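Q: To be precise about what I am sending: the file is called coords_19.json and holds JSON, C-alpha atoms.
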```json
[["chain", "number", "residue", "atom", "x", "y", "z"],
["O", 22, "MET", "CA", -20.57, -4.77, 0.62],
["O", 23, "LYS", "CA", -20.46, -5.41, 4.33],
["O", 24, "THR", "CA", -17.63, -7.56, 5.62],
["O", 25, "THR", "CA", -16.83, -8.92, 9.02],
["O", 26, "ASP", "CA", -13.93, -7.26, 10.80],
["O", 27, "HIS", "CA", -11.06, -9.64, 10.07],
["O", 28, "ARG", "CA", -9.45, -8.89, 13.44],
["O", 29, "ASN", "CA", -12.37, -10.67, 15.15],
["O", 30, "ALA", "CA", -12.05, -13.80, 13.03],
["O", 31, "SER", "CA", -10.11, -16.89, 14.06],
["O", 32, "PRO", "CA", -6.91, -16.15, 15.98],
["O", 33, "PRO", "CA", -4.09, -15.25, 13.61],
["O", 34, "GLY", "CA", -0.87, -17.24, 13.44],
["O", 35, "LYS", "CA", 2.49, -15.83, 14.45],
["O", 36, "LEU", "CA", 3.48, -15.07, 10.86],
["O", 37, "SER", "CA", 0.22, -13.20, 10.34],
["O", 38, "VAL", "CA", 0.82, -11.12, 13.48],
["O", 39, "VAL", "CA", 4.36, -10.29, 12.35],
["O", 40, "PHE", "CA", 3.08, -9.31, 8.91],
["O", 41, "ASP", "CA", 0.34, -7.12, 10.44],
["O", 42, "ARG", "CA", 2.88, -5.36, 12.63],
["O", 43, "PHE", "CA", 5.21, -4.82, 9.68],
["O", 44, "VAL", "CA", 2.39, -3.29, 7.62],
["O", 45, "LEU", "CA", 1.49, -1.07, 10.57],
["O", 46, "ALA", "CA", 5.15, -0.04, 10.95],
["O", 47, "LEU", "CA", 5.27, 0.93, 7.26],
["O", 48, "TRP", "CA", 2.13, 2.99, 7.77],
["O", 49, "VAL", "CA", 3.77, 4.77, 10.74],
["O", 50, "VAL", "CA", 6.86, 5.45, 8.61],
["O", 51, "ALA", "CA", 4.58, 6.90, 5.90],
["O", 52, "GLY", "CA", 2.98, 9.15, 8.52],
["O", 53, "ILE", "CA", 6.38, 10.36, 9.71],
["O", 54, "MET", "CA", 7.34, 11.03, 6.10],
["O", 55, "LEU", "CA", 4.18, 13.09, 5.64],
["O", 56, "LEU", "CA", 4.96, 15.07, 8.76],
["O", 57, "PHE", "CA", 8.50, 15.69, 7.49],
["O", 58, "ALA", "CA", 7.15, 16.87, 4.12],
["O", 59, "ILE", "CA", 4.73, 19.30, 5.74],
["O", 60, "CYS", "CA", 7.30, 20.71, 8.17],
["O", 61, "SER", "CA", 10.06, 21.00, 5.57],
["O", 62, "VAL", "CA", 7.87, 22.93, 3.13],
["O", 63, "ILE", "CA", 6.66, 25.26, 5.88],
["O", 64, "LEU", "CA", 10.26, 25.82, 7.02],
["O", 65, "ASP", "CA", 11.40, 26.51, 3.46],
["O", 66, "VAL", "CA", 8.62, 29.06, 2.93],
["O", 67, "ILE", "CA", 9.34, 30.78, 6.25],
["O", 68, "LEU", "CA", 13.06, 30.95, 5.46],
["O", 69, "ARG", "CA", 12.45, 32.37, 1.99],
["O", 70, "MET", "CA", 10.02, 34.97, 3.32],
["O", 71, "THR", "CA", 12.22, 35.95, 6.27],
["O", 72, "PHE", "CA", 15.66, 35.65, 4.70],
["O", 73, "PRO", "CA", 15.38, 36.04, 0.90],
["O", 74, "ARG", "CA", 18.94, 34.81, 0.32],
["O", 75, "VAL", "CA", 18.45, 31.65, 2.39],
["O", 76, "SER", "CA", 16.62, 28.73, 0.87],
["O", 77, "MET", "CA", 16.74, 24.98, 0.83],
["O", 78, "PRO", "CA", 16.53, 24.11, -2.89],
["O", 79, "TRP", "CA", 16.73, 20.39, -2.17],
["O", 80, "ILE", "CA", 13.39, 20.42, -0.32],
["O", 81, "VAL", "CA", 11.25, 20.06, -3.45],
["O", 82, "GLU", "CA", 13.26, 17.09, -4.67],
["O", 83, "VAL", "CA", 13.31, 15.37, -1.28],
["O", 84, "ASN", "CA", 9.56, 15.85, -0.97],
["O", 85, "GLU", "CA", 9.07, 14.24, -4.39],
["O", 86, "TYR", "CA", 10.89, 11.18, -3.04],
["O", 87, "VAL", "CA", 8.96, 11.32, 0.21],
["O", 88, "LEU", "CA", 5.61, 11.36, -1.61],
["O", 89, "PHE", "CA", 6.71, 8.39, -3.69],
["O", 90, "GLY", "CA", 7.83, 6.33, -0.69],
["O", 91, "MET", "CA", 4.90, 7.37, 1.45],
["O", 92, "THR", "CA", 2.43, 6.13, -1.16],
["O", 93, "PHE", "CA", 3.99, 2.69, -1.36],
["O", 94, "PHE", "CA", 4.59, 2.35, 2.39],
["O", 95, "ALA", "CA", 0.96, 3.09, 3.27],
["O", 96, "SER", "CA", -0.70, 1.11, 0.47],
["O", 97, "ALA", "CA", -1.07, -2.28, 2.22],
["O", 98, "TRP", "CA", -2.41, -0.67, 5.39],
["O", 99, "CYS", "CA", -4.83, 1.40, 3.33],
["O", 100, "LEU", "CA", -6.07, -1.75, 1.61],
["O", 101, "ARG", "CA", -6.46, -3.56, 4.93],
["O", 102, "VAL", "CA", -8.65, -0.86, 6.50],
["O", 103, "GLY", "CA", -10.70, -0.34, 3.32],
["O", 104, "GLY", "CA", -9.33, 3.13, 2.66],
["O", 105, "HIS", "CA", -8.93, 2.51, -1.05],
["O", 106, "ILE", "CA", -11.36, 3.41, -3.83],
["O", 107, "LYS", "CA", -14.09, 0.86, -4.51],
["O", 108, "VAL", "CA", -16.76, 0.82, -7.18],
["O", 109, "ASP", "CA", -19.60, -0.11, -4.82],
["O", 110, "PHE", "CA", -22.49, 0.89, -7.05],
["O", 111, "ILE", "CA", -21.76, -2.09, -9.31],
["O", 112, "LEU", "CA", -21.35, -4.53, -6.41],
["O", 113, "ASN", "CA", -24.57, -3.36, -4.77],
["O", 114, "ALA", "CA", -26.52, -4.79, -7.71],
["O", 115, "PHE", "CA", -25.61, -8.30, -6.53],
["O", 116, "LYS", "CA", -26.51, -10.36, -3.49],
["O", 117, "PRO", "CA", -23.89, -10.53, -0.70],
["O", 118, "PRO", "CA", -22.53, -14.01, -1.60],
["O", 119, "THR", "CA", -21.93, -12.84, -5.17],
["O", 120, "GLN", "CA", -20.40, -9.60, -3.88],
["O", 121, "HIS", "CA", -17.89, -11.60, -1.88],
["O", 122, "LEU", "CA", -17.15, -13.88, -4.82],
["O", 123, "LEU", "CA", -16.45, -10.85, -7.02],
["O", 124, "GLY", "CA", -14.36, -9.34, -4.22],
["O", 125, "ALA", "CA", -12.28, -12.53, -4.04],
["O", 126, "ILE", "CA", -11.80, -12.58, -7.82],
["O", 127, "THR", "CA", -10.77, -8.92, -8.03],
["O", 128, "SER", "CA", -8.47, -9.31, -5.02],
["O", 129, "GLY", "CA", -6.86, -12.34, -6.67],
["O", 130, "LEU", "CA", -6.35, -10.47, -9.92],
["O", 131, "ALA", "CA", -4.96, -7.45, -8.07],
["O", 132, "SER", "CA", -2.57, -9.77, -6.23],
["O", 133, "LEU", "CA", -1.32, -11.17, -9.54],
["O", 134, "ALA", "CA", -0.82, -7.63, -10.87],
["O", 135, "CYS", "CA", 1.16, -6.72, -7.73],
["O", 136, "ILE", "CA", 3.32, -9.83, -8.10],
["O", 137, "VAL", "CA", 4.13, -8.89, -11.71],
["O", 138, "PHE", "CA", 4.78, -5.29, -10.67],
["O", 139, "GLY", "CA", 6.99, -6.46, -7.81],
["O", 140, "TYR", "CA", 8.90, -8.87, -10.04],
["O", 141, "TYR", "CA", 9.72, -6.18, -12.60],
["O", 142, "GLY", "CA", 10.52, -3.79, -9.76],
["O", 143, "GLY", "CA", 13.03, -6.39, -8.56],
["O", 144, "VAL", "CA", 14.49, -6.72, -12.05],
["O", 145, "ALA", "CA", 14.82, -2.93, -12.28],
["O", 146, "THR", "CA", 16.41, -2.82, -8.81],
["O", 147, "LEU", "CA", 18.99, -5.42, -9.73],
["O", 148, "TYR", "CA", 19.75, -3.71, -13.05],
["O", 149, "SER", "CA", 20.08, -0.26, -11.43],
["O", 150, "TYR", "CA", 22.30, -1.63, -8.71],
["O", 151, "GLN", "CA", 24.58, -3.49, -11.13],
["O", 152, "LYS", "CA", 24.88, -0.54, -13.53],
["O", 153, "GLY", "CA", 25.21, 2.01, -10.75],
["O", 154, "THR", "CA", 22.54, 4.29, -12.23],
["O", 155, "HIS", "CA", 21.57, 7.44, -10.37],
["O", 156, "ILE", "CA", 18.91, 10.12, -10.52],
["O", 157, "PHE", "CA", 20.55, 13.50, -11.04],
["O", 158, "LYS", "CA", 18.59, 16.54, -9.98],
["O", 159, "PHE", "CA", 19.78, 18.68, -7.12],
["O", 160, "LEU", "CA", 20.84, 15.53, -5.28],
["O", 161, "LYS", "CA", 22.50, 12.41, -6.67],
["O", 162, "VAL", "CA", 20.41, 9.43, -5.56],
["O", 163, "PRO", "CA", 20.89, 5.77, -6.56],
["O", 164, "LYS", "CA", 17.97, 4.65, -8.68],
["O", 165, "TYR", "CA", 17.75, 1.25, -7.00],
["O", 166, "CYS", "CA", 16.56, 2.93, -3.81],
["O", 167, "PHE", "CA", 13.25, 3.67, -5.51],
["O", 168, "SER", "CA", 12.82, 0.50, -7.52],
["O", 169, "SER", "CA", 13.50, -1.56, -4.38],
["O", 170, "ILE", "CA", 10.59, 0.22, -2.66],
["O", 171, "ILE", "CA", 8.37, -0.69, -5.61],
["O", 172, "CYS", "CA", 9.55, -4.30, -5.46],
["O", 173, "VAL", "CA", 9.15, -4.87, -1.72],
["O", 174, "CYS", "CA", 5.92, -2.93, -1.26],
["O", 175, "SER", "CA", 4.30, -4.56, -4.29],
["O", 176, "PHE", "CA", 4.91, -8.00, -2.79],
["O", 177, "ILE", "CA", 3.55, -6.82, 0.56],
["O", 178, "LEU", "CA", 0.47, -5.48, -1.20],
["O", 179, "ALA", "CA", 0.11, -8.79, -3.06],
["O", 180, "VAL", "CA", 0.07, -10.66, 0.27],
["O", 181, "GLU", "CA", -2.57, -8.29, 1.62],
["O", 182, "PHE", "CA", -4.70, -8.81, -1.50],
["O", 183, "ILE", "CA", -4.41, -12.59, -1.04],
["O", 184, "ARG", "CA", -5.50, -12.23, 2.57],
["O", 185, "GLN", "CA", -8.41, -10.08, 1.44],
["O", 186, "ALA", "CA", -9.44, -12.68, -1.13],
["O", 187, "ARG", "CA", -9.39, -15.36, 1.59],
["O", 188, "ARG", "CA", -11.57, -13.17, 3.84],
["O", 189, "HIS", "CA", -14.05, -12.68, 1.00],
["O", 190, "LEU", "CA", -14.22, -16.41, 0.36],
["O", 191, "GLY", "CA", -14.70, -17.06, 4.08],
["O", 192, "GLU", "CA", -17.49, -14.49, 4.28],
["O", 193, "ARG", "CA", -19.14, -16.00, 1.20],
["O", 194, "ARG", "CA", -18.95, -19.46, 2.75],
["O", 195, "ASN", "CA", -20.47, -18.15, 6.00],
["O", 196, "LEU", "CA", -23.31, -16.44, 4.15],
["O", 197, "LEU", "CA", -24.08, -19.53, 2.08],
["O", 198, "THR", "CA", -24.00, -21.73, 5.20],
["O", 199, "LYS", "CA", -26.39, -19.38, 7.04],
["O", 200, "ASP", "CA", -28.65, -19.31, 4.00],
["O", 201, "THR", "CA", -28.74, -23.13, 3.89],
["O", 202, "GLU", "CA", -29.46, -23.32, 7.63],
["O", 203, "LEU", "CA", -32.33, -20.82, 7.31],
["O", 204, "LYS", "CA", -33.95, -22.77, 4.48],
["O", 205, "GLY", "CA", -33.74, -26.01, 6.42],
["O", 206, "PRO", "CA", -33.72, -29.51, 4.96],
["O", 207, "GLY", "CA", -35.10, -30.13, 1.51]]
```
Please go through the file and, once you have read it, give me the structure as structure tokens.

A:
Amino acid sequence: MKTTDHRNASPPGKLSVVFDRFVLALWVVAGIMLLFAICSVILDVILRMTFPRVSMPWIVEVNEYVLFGMTFFASAWCLRVGGHIKVDFILNAFKPPTQHLLGAITSGLASLACIVFGYYGGVATLYSYQKGTHIFKFLKVPKYCFSSIICVCSFILAVEFIRQARRHLGERRNLLTKDTELKGPG
């Protein structure tokens, strides 16, 4: 399904620009986290190979947390640029206006799922914070740190899905208008 680049559409409002920059900032943070993960694992391997008695046992645990956060931080940006998995072979069986209608429906449903996920992430965050629960491995980390990431990033992803649904509906409207103009009057 071919879509118009949403950055060339009507000029975005200030809130939209702020949201776009925030999503981009989260993506940059995810990239920095990936770089940290790569460098820390390489450093740990080099230290273990060079100095057998020196190791950083916390590296594996920290990288587990980094992979978790990185996934959520980059998700909205990934959706925006179309870097997510799509089942195009089904959509290609339909005409473009129907493709965009289905895209809007699936984006709307995905937004609802993200809202539910974000809500329960918020409930879990509040519960973990109130009870003072922690994750005990090598490090002692408050559990609410992770559930808050789920909560916030799920709502951000929901907003991006809503924006995607609106773009699909706009594209569908444009295609139907062009089709009507090409056919001419009655």

Q: Leaving out Thr92 (chain O) and any residue of its chain fewer than 4 positions from it, which residues lie within 12 Å of it when counting all atoms listed in the file, given as a ChimeraX atom specification?

A: /O:47-48,50-52,54-55,85-88,96-100,105,167,170-171,174-175,178

Q: Print the selection's residues with C-alpha atoms to a file, as an mmCIF file, in the frame of the given file.

A:
```cif
data_model
loop_
_atom_site.group_PDB
_atom_site.id
_atom_site.type_symbol
_atom_site.label_atom_id
_atom_site.label_comp_id
_atom_site.auth_asym_id
_atom_site.auth_seq_id
_atom_site.Cartn_x
_atom_site.Cartn_y
_atom_site.Cartn_z
ATOM 1 C CA LEU O 47 5.270 0.930 7.260
ATOM 2 C CA TRP O 48 2.130 2.990 7.770
ATOM 3 C CA VAL O 50 6.860 5.450 8.610
ATOM 4 C CA ALA O 51 4.580 6.900 5.900
ATOM 5 C CA GLY O 52 2.980 9.150 8.520
ATOM 6 C CA MET O 54 7.340 11.030 6.100
ATOM 7 C CA LEU O 55 4.180 13.090 5.640
ATOM 8 C CA GLU O 85 9.070 14.240 -4.390
ATOM 9 C CA TYR O 86 10.890 11.180 -3.040
ATOM 10 C CA VAL O 87 8.960 11.320 0.210
ATOM 11 C CA LEU O 88 5.610 11.360 -1.610
ATOM 12 C CA SER O 96 -0.700 1.110 0.470
ATOM 13 C CA ALA O 97 -1.070 -2.280 2.220
ATOM 14 C CA TRP O 98 -2.410 -0.670 5.390
ATOM 15 C CA CYS O 99 -4.830 1.400 3.330
ATOM 16 C CA LEU O 100 -6.070 -1.750 1.610
ATOM 17 C CA HIS O 105 -8.930 2.510 -1.050
ATOM 18 C CA PHE O 167 13.250 3.670 -5.510
ATOM 19 C CA ILE O 170 10.590 0.220 -2.660
ATOM 20 C CA ILE O 171 8.370 -0.690 -5.610
ATOM 21 C CA CYS O 174 5.920 -2.930 -1.260
ATOM 22 C CA SER O 175 4.300 -4.560 -4.290
ATOM 23 C CA LEU O 178 0.470 -5.480 -1.200
#
```

Q: State, in Å with one decimal place, the distance from CA of Lys164 (chain O) to CA of Tyr148 (chain O).

A: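 Going from CA of Lys164 (chain O) over to CA of Tyr148 (chain O) covers 9.6 Å.
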
Q: Produce a table with one row for each residue of region 140-164 of chain O that has an atom at most 10 Å from any atom of region 133-136 of chain O, each row naming the nearest atom pair and its distance in Å at one decimal; use only C-alpha atoms; arrange rows by chain and rising residue number; format as CSV.

A:
```
residue,atom,partner,partner_atom,distance
O:Tyr140,CA,O:Ile136,CA,6.0
O:Tyr141,CA,O:Ile136,CA,8.6
O:Gly142,CA,O:Ile136,CA,9.5
```

Q: Measuring atom to atom with all atoms listed in the file, identify which of O:Val44, O:Val173, O:Leu160, O:Leu56 is nearest to Met77 (chain O).

A: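 Closest candidate: O:Leu160.
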
Q: May I ask for the distance between CA of Gly103 (chain O) and CA of Ala125 (chain O), given in Å to one decimal place?

A: 14.3 Å

Q: If you measure from CA of Val49 (chain O) to CA of Pro33 (chain O), what distance in Å do you get, rounded to one decimal?

A: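 These atoms are spaced 21.7 Å apart.
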
Q: Kindly assemble as JSON lines a list of the region 70-165 of chain O residues that lie within 7 Å of region 188-193 of chain O, each paired with its nearest atom pair and their distance in Å to one decimal, using all atoms listed in the file, sorted first by chain and then by ascending residue number.

A:
```
{"residue": "O:Pro118", "atom": "CA", "partner": "O:Arg193", "partner_atom": "CA", "distance": 4.8}
{"residue": "O:His121", "atom": "CA", "partner": "O:His189", "partner_atom": "CA", "distance": 4.9}
{"residue": "O:Leu122", "atom": "CA", "partner": "O:Leu190", "partner_atom": "CA", "distance": 6.5}
{"residue": "O:Gly124", "atom": "CA", "partner": "O:His189", "partner_atom": "CA", "distance": 6.2}
{"residue": "O:Ala125", "atom": "CA", "partner": "O:His189", "partner_atom": "CA", "distance": 5.3}
```

Q: From the options O:Gln120, O:Ser168, O:Thr127, O:Ser132, which residue's atoms come nearest to Leu147 (chain O), counting all atoms listed in the file?

A: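 Of all the options, O:Ser168 lies closest to Leu147 (chain O).
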